[in-house]
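Chemist: So that you have it, the file is my_file_0.pdb, and it contains PDB, C-alpha atoms:
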ATOM      1  CA  MET Y1234       0.000   0.000   0.000  1.00  0.00           C
ATOM      2  CA  LYS Y1235       1.324   3.416  -0.977  1.00  0.00           C
ATOM      3  CA  THR Y1236       1.870   5.962   1.799  1.00  0.00           C
ATOM      4  CA  ILE Y1237       0.553   9.454   1.092  1.00  0.00           C
ATOM      5  CA  ARG Y1238       2.405  12.312   2.741  1.00  0.00           C
ATOM      6  CA  ASN Y1239      -0.140  14.812   3.919  1.00  0.00           C
ATOM      7  CA  THR Y1240       1.871  18.020   4.057  1.00  0.00           C
ATOM      8  CA  GLN Y1241       0.421  21.451   4.741  1.00  0.00           C
ATOM      9  CA  ALA Y1242       1.123  22.461   1.127  1.00  0.00           C
ATOM     10  CA  ARG Y1243      -0.692  19.368  -0.185  1.00  0.00           C
ATOM     11  CA  THR Y1244      -3.688  20.032   2.054  1.00  0.00           C
ATOM     12  CA  HIS Y1245      -3.975  23.700   1.012  1.00  0.00           C
ATOM     13  CA  ILE Y1246      -3.563  22.986  -2.710  1.00  0.00           C
ATOM     14  CA  LEU Y1247      -6.055  20.112  -2.693  1.00  0.00           C
ATOM     15  CA  GLU Y1248      -8.624  22.201  -0.781  1.00  0.00           C
ATOM     16  CA  LEU Y1249      -8.143  25.056  -3.243  1.00  0.00           C
ATOM     17  CA  ILE Y1250      -8.625  22.828  -6.299  1.00  0.00           C
ATOM     18  CA  ASN Y1251     -11.562  20.928  -4.761  1.00  0.00           C
ATOM     19  CA  GLY Y1252     -13.287  24.205  -3.902  1.00  0.00           C
ATOM     20  CA  SER Y1253     -12.908  25.688  -7.373  1.00  0.00           C
ATOM     21  CA  ALA Y1254     -15.605  25.446 -10.035  1.00  0.00           C
ATOM     22  CA  ILE Y1255     -12.952  25.985 -12.734  1.00  0.00           C
ATOM     23  CA  ALA Y1256      -9.562  24.458 -13.469  1.00  0.00           C
ATOM     24  CA  LEU Y1257      -6.616  26.346 -11.977  1.00  0.00           C
ATOM     25  CA  SER Y1258      -3.147  26.934 -13.396  1.00  0.00           C
ATOM     26  CA  GLN Y1259      -0.005  26.841 -11.262  1.00  0.00           C
ATOM     27  CA  PRO Y1260       0.177  30.684 -11.219  1.00  0.00           C
ATOM     28  CA  ASP Y1261      -3.510  30.795 -10.125  1.00  0.00           C
ATOM     29  CA  ILE Y1262      -2.708  28.435  -7.263  1.00  0.00           C
ATOM     30  CA  GLN Y1263       0.451  30.319  -6.271  1.00  0.00           C
ATOM     31  CA  GLN Y1264      -1.450  33.623  -6.200  1.00  0.00           C
ATOM     32  CA  ALA Y1265      -4.302  32.144  -4.143  1.00  0.00           C
ATOM     33  CA  LEU Y1266      -1.838  30.723  -1.607  1.00  0.00           C
ATOM     34  CA  SER Y1267      -0.316  34.202  -1.126  1.00  0.00           C
ATOM     35  CA  GLY Y1268       3.284  33.060  -0.811  1.00  0.00           C
ATOM     36  CA  THR Y1269       2.585  30.053   1.432  1.00  0.00           C
ATOM     37  CA  CYS Y1270       4.392  27.788  -1.066  1.00  0.00           C
ATOM     38  CA  ASP Y1271       7.017  28.422  -3.698  1.00  0.00           C
ATOM     39  CA  ARG Y1272       6.602  27.523  -7.375  1.00  0.00           C
ATOM     40  CA  VAL Y1273       8.656  24.317  -7.176  1.00  0.00           C
ATOM     41  CA  THR Y1274       6.710  22.993  -4.180  1.00  0.00           C
ATOM     42  CA  ILE Y1275       3.420  23.684  -5.944  1.00  0.00           C
ATOM     43  CA  TYR Y1276       4.555  21.802  -9.069  1.00  0.00           C
ATOM     44  CA  ARG Y1277       5.737  18.833  -6.963  1.00  0.00           C
ATOM     45  CA  VAL Y1278       2.466  18.686  -5.025  1.00  0.00           C
ATOM     46  CA  LEU Y1279       0.418  18.965  -8.237  1.00  0.00           C
ATOM     47  CA  GLU Y1280       2.375  16.094  -9.806  1.00  0.00           C
ATOM     48  CA  ARG Y1281       1.762  13.923  -6.723  1.00  0.00           C
ATOM     49  CA  LEU Y1282      -1.957  14.784  -6.712  1.00  0.00           C
ATOM     50  CA  VAL Y1283      -2.220  13.818 -10.401  1.00  0.00           C
ATOM     51  CA  ASN Y1284      -0.326  10.562  -9.797  1.00  0.00           C
ATOM     52  CA  ASP Y1285      -2.559   9.775  -6.800  1.00  0.00           C
ATOM     53  CA  GLY Y1286      -5.673  10.300  -8.954  1.00  0.00           C
ATOM     54  CA  LEU Y1287      -6.990  13.174  -6.826  1.00  0.00           C
ATOM     55  CA  VAL Y1288      -6.808  15.831  -9.550  1.00  0.00           C
ATOM     56  CA  HIS Y1289      -6.377  15.748 -13.294  1.00  0.00           C
ATOM     57  CA  ARG Y1290      -4.271  17.747 -15.693  1.00  0.00           C
ATOM     58  CA  ILE Y1291      -5.870  19.746 -18.509  1.00  0.00           C
ATOM     59  CA  VAL Y1292      -3.958  21.362 -21.332  1.00  0.00           C
ATOM     60  CA  ASN Y1293      -6.002  24.302 -22.621  1.00  0.00           C
ATOM     61  CA  VAL Y1294      -5.987  25.629 -26.180  1.00  0.00           C
ATOM     62  CA  ASN Y1295      -3.159  28.067 -25.337  1.00  0.00           C
ATOM     63  CA  GLY Y1296      -0.952  25.224 -24.079  1.00  0.00           C
ATOM     64  CA  VAL Y1297      -1.319  26.276 -20.428  1.00  0.00           C
ATOM     65  CA  VAL Y1298      -1.639  23.364 -18.005  1.00  0.00           C
ATOM     66  CA  ASN Y1299      -4.544  23.605 -15.556  1.00  0.00           C
ATOM     67  CA  TYR Y1300      -5.574  21.311 -12.709  1.00  0.00           C
ATOM     68  CA  ALA Y1301      -9.049  20.328 -11.534  1.00  0.00           C
ATOM     69  CA  SER Y1302     -10.737  17.811  -9.313  1.00  0.00           C
ATOM     70  CA  CYS Y1303     -13.331  15.590 -10.833  1.00  0.00           C
ATOM     71  CA  HIS Y1304     -16.488  16.391  -8.896  1.00  0.00           C
ATOM     72  CA  SER Y1305     -18.347  13.341 -10.212  1.00  0.00           C
ATOM     73  CA  CYS Y1306     -15.606  10.888  -9.109  1.00  0.00           C
ATOM     74  CA  THR Y1307     -15.902  10.098  -5.411  1.00  0.00           C
ATOM     75  CA  ASN Y1308     -12.689   8.080  -4.900  1.00  0.00           C
ATOM     76  CA  GLY Y1309     -10.193   9.593  -7.296  1.00  0.00           C
ATOM     77  CA  HIS Y1310     -10.191  10.492 -10.960  1.00  0.00           C
ATOM     78  CA  PHE Y1311     -11.051   7.451 -13.090  1.00  0.00           C
ATOM     79  CA  HIS Y1312     -12.278   8.801 -16.391  1.00  0.00           C
ATOM     80  CA  GLN Y1313     -11.332  11.297 -19.011  1.00  0.00           C
ATOM     81  CA  HIS Y1314     -13.827  13.860 -20.187  1.00  0.00           C
ATOM     82  CA  ILE Y1315     -14.172  16.919 -22.378  1.00  0.00           C
ATOM     83  CA  HIS Y1316     -13.050  20.358 -21.184  1.00  0.00           C
ATOM     84  CA  PHE Y1317     -14.189  23.799 -22.276  1.00  0.00           C
ATOM     85  CA  SER Y1318     -11.697  26.669 -22.566  1.00  0.00           C
ATOM     86  CA  CYS Y1319     -13.130  30.182 -22.859  1.00  0.00           C
ATOM     87  CA  ARG Y1320     -11.064  32.247 -25.283  1.00  0.00           C
ATOM     88  CA  LYS Y1321     -12.141  35.516 -23.619  1.00  0.00           C
ATOM     89  CA  CYS Y1322     -11.835  34.976 -19.838  1.00  0.00           C
ATOM     90  CA  LEU Y1323      -9.449  31.987 -20.252  1.00  0.00           C
ATOM     91  CA  GLN Y1324     -11.300  29.868 -17.693  1.00  0.00           C
ATOM     92  CA  VAL Y1325     -11.248  26.102 -18.199  1.00  0.00           C
ATOM     93  CA  LYS Y1326     -14.176  24.000 -17.013  1.00  0.00           C
ATOM     94  CA  CYS Y1327     -14.756  20.254 -16.915  1.00  0.00           C
ATOM     95  CA  LEU Y1328     -17.734  18.988 -18.903  1.00  0.00           C
ATOM     96  CA  GLU Y1329     -19.054  15.627 -17.792  1.00  0.00           C
ATOM     97  CA  GLN Y1330     -19.071  14.197 -21.308  1.00  0.00           C
ATOM     98  CA  SER Y1331     -16.815  11.319 -22.290  1.00  0.00           C
ATOM     99  CA  ILE Y1332     -14.059  11.782 -24.831  1.00  0.00           C
ATOM    100  CA  PRO Y1333     -14.883  10.174 -28.182  1.00  0.00           C
ATOM    101  CA  VAL Y1334     -13.130   6.869 -28.836  1.00  0.00           C
ATOM    102  CA  PHE Y1335     -10.340   6.936 -31.430  1.00  0.00           C
ATOM    103  CA  GLU Y1336      -8.720   3.982 -33.160  1.00  0.00           C
ATOM    104  CA  LEU Y1337      -4.932   4.195 -33.149  1.00  0.00           C
ATOM    105  CA  PRO Y1338      -2.677   2.535 -35.709  1.00  0.00           C
ATOM    106  CA  VAL Y1339      -1.140  -0.815 -34.791  1.00  0.00           C
ATOM    107  CA  GLY Y1340       1.804  -0.394 -32.438  1.00  0.00           C
ATOM    108  CA  TYR Y1341       0.605   2.908 -30.953  1.00  0.00           C
ATOM    109  CA  LYS Y1342      -0.198   3.058 -27.244  1.00  0.00           C
ATOM    110  CA  LYS Y1343      -2.384   5.815 -25.778  1.00  0.00           C
ATOM    111  CA  GLU Y1344      -1.238   7.310 -22.497  1.00  0.00           C
ATOM    112  CA  GLU Y1345      -3.315  10.483 -22.182  1.00  0.00           C
ATOM    113  CA  THR Y1346      -5.986  12.219 -24.205  1.00  0.00           C
ATOM    114  CA  TYR Y1347      -6.752  15.912 -23.933  1.00  0.00           C
ATOM    115  CA  PHE Y1348      -9.990  16.986 -25.542  1.00  0.00           C
ATOM    116  CA  THR Y1349     -10.662  20.692 -25.139  1.00  0.00           C
ATOM    117  CA  VAL Y1350     -13.402  22.674 -26.836  1.00  0.00           C
ATOM    118  CA  SER Y1351     -12.708  26.385 -27.276  1.00  0.00           C
ATOM    119  CA  GLY Y1352     -15.218  29.221 -27.505  1.00  0.00           C
ATOM    120  CA  LEU Y1353     -17.055  31.615 -25.213  1.00  0.00           C
ATOM    121  CA  CYS Y1354     -18.392  30.505 -21.829  1.00  0.00           C
ATOM    122  CA  SER Y1355     -21.939  31.439 -20.837  1.00  0.00           C
ATOM    123  CA  ASN Y1356     -20.777  34.553 -18.936  1.00  0.00           C
ATOM    124  CA  CYS Y1357     -18.635  35.875 -21.783  1.00  0.00           C
ATOM    125  CA  SER Y1358     -21.203  35.104 -24.465  1.00  0.00           C
ATOM    126  CA  SER Y1359     -23.872  36.924 -22.410  1.00  0.00           C
ATOM    127  CA  GLU Y1360     -21.574  39.954 -22.088  1.00  0.00           C
ATOM    128  CA  THR Y1361     -20.933  39.913 -25.843  1.00  0.00           C
ATOM    129  CA  LEU Y1362     -24.658  39.771 -26.601  1.00  0.00           C
ATOM    130  CA  ALA Y1363     -25.393  42.566 -24.102  1.00  0.00           C
ATOM    131  CA  SER Y1364     -22.732  44.855 -25.617  1.00  0.00           C
ATOM    132  CA  GLN Y1365     -24.142  44.275 -29.122  1.00  0.00           C
ATOM    133  CA  GLY Y1366     -27.726  44.992 -28.084  1.00  0.00           C
TER     134      GLY Y1366
END
Represent the structure of the file as structure tokens.
Modeler:
Amino acid sequence: MKTIRNTQARTHILELINGSAIALSQPDIQQALSGTCDRVTIYRVLERLVNDGLVHRIVNVNGVVNYASCHSCTNGHFHQHIHFSCRKCLQVKCLEQSIPVFELPVGYKKEETYFTVSGLCSNCSSETLASQG
């Protein structure tokens, strides 16, 4: 059985991600922690949380890596799903829809799939409509 070190940094970062409705980048997390942890510690904790299945990594359309908890998974992250990246406010949100299945050529082995839809979130599209009207 694997031992999980429950450090103060791990606890704060996991609480922050679990309490967020959107995916957070490392700079978002560092800013929210107000200097409690340095950049390297945050990256190490995030990597451990991903490996432990407590959060998942999302690469948005700009190539920025974000982290989120899977609110529909009760004991860790066990599925991959679609993400939405708003091109205006840059927020990334998990959508509880499964990633389409792709056939890979013989000899290829899938390790991770990132499926991100880009556009305007409901807040930004409402603002755009309001400014046009």
Chemist: Please evaluate the PyMOL selection byres ((chain Y and resi 1274) around 12) against the structure above and give the resulting residues as a PDB file with C-alpha atoms, in the frame of the given file.
Modeler:
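Output (selection.pdb):
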ATOM      1  CA  THR Y1240       1.871  18.020   4.057  1.00  0.00           C
ATOM      2  CA  GLN Y1241       0.421  21.451   4.741  1.00  0.00           C
ATOM      3  CA  ALA Y1242       1.123  22.461   1.127  1.00  0.00           C
ATOM      4  CA  ARG Y1243      -0.692  19.368  -0.185  1.00  0.00           C
ATOM      5  CA  HIS Y1245      -3.975  23.700   1.012  1.00  0.00           C
ATOM      6  CA  ILE Y1246      -3.563  22.986  -2.710  1.00  0.00           C
ATOM      7  CA  GLN Y1259      -0.005  26.841 -11.262  1.00  0.00           C
ATOM      8  CA  ILE Y1262      -2.708  28.435  -7.263  1.00  0.00           C
ATOM      9  CA  GLN Y1263       0.451  30.319  -6.271  1.00  0.00           C
ATOM     10  CA  LEU Y1266      -1.838  30.723  -1.607  1.00  0.00           C
ATOM     11  CA  GLY Y1268       3.284  33.060  -0.811  1.00  0.00           C
ATOM     12  CA  THR Y1269       2.585  30.053   1.432  1.00  0.00           C
ATOM     13  CA  CYS Y1270       4.392  27.788  -1.066  1.00  0.00           C
ATOM     14  CA  ASP Y1271       7.017  28.422  -3.698  1.00  0.00           C
ATOM     15  CA  ARG Y1272       6.602  27.523  -7.375  1.00  0.00           C
ATOM     16  CA  VAL Y1273       8.656  24.317  -7.176  1.00  0.00           C
ATOM     17  CA  ILE Y1275       3.420  23.684  -5.944  1.00  0.00           C
ATOM     18  CA  TYR Y1276       4.555  21.802  -9.069  1.00  0.00           C
ATOM     19  CA  ARG Y1277       5.737  18.833  -6.963  1.00  0.00           C
ATOM     20  CA  VAL Y1278       2.466  18.686  -5.025  1.00  0.00           C
ATOM     21  CA  LEU Y1279       0.418  18.965  -8.237  1.00  0.00           C
ATOM     22  CA  GLU Y1280       2.375  16.094  -9.806  1.00  0.00           C
ATOM     23  CA  ARG Y1281       1.762  13.923  -6.723  1.00  0.00           C
TER      24      ARG Y1281
END
Chemist: Selection in question (the file shown): the PyMOL selection byres ((chain Y and resi 1283-1295) around 9). Which residues does it include, as a PyMOL selection string?
Modeler: chain Y and resi 1237+1247+1250-1251+1256+1278-1282+1296-1303+1308-1311+1313+1316-1318+1320+1323+1325+1347-1351
Chemist: The centre and edge lengths of an axis-aligned box containing all atoms of range 1347-1357 of chain Y present in the file, extended by 3 Å on each side, are to be given in Å to one decimal, as lines of an AutoDock Vina configuration file.
Modeler:
center_x = -14.3
center_y = 25.9
center_z = -23.2
size_x = 21.2
size_y = 26.0
size_z = 14.6
Chemist: Residues within 10 Å of (-13.9, 33.6, -30.8), file coordinates, counting all atoms listed in the file: what are they? Give the list as a VMD selection string.
Modeler: chain Y and resid 1319 to 1321 1351 to 1353 1358
Chemist: Which value, in Å to one decimal, gives the distance between CA of Thr1346 in chain Y and CA of Asp1261 in chain Y?
Modeler: 23.4 Å
Chemist: When you draw a straight line from CA of Gln1264 in chain Y to CA of Glu1329 in chain Y, how long is it in Å?
Modeler: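 For CA of Gln1264 in chain Y relative to CA of Glu1329 in chain Y, the distance reads 27.7 Å.
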Chemist: Rounded to one decimal place, report the CA of Cys1357 in chain Y-CA of Ser1253 in chain Y distance in Å.
Modeler: 18.6 Å
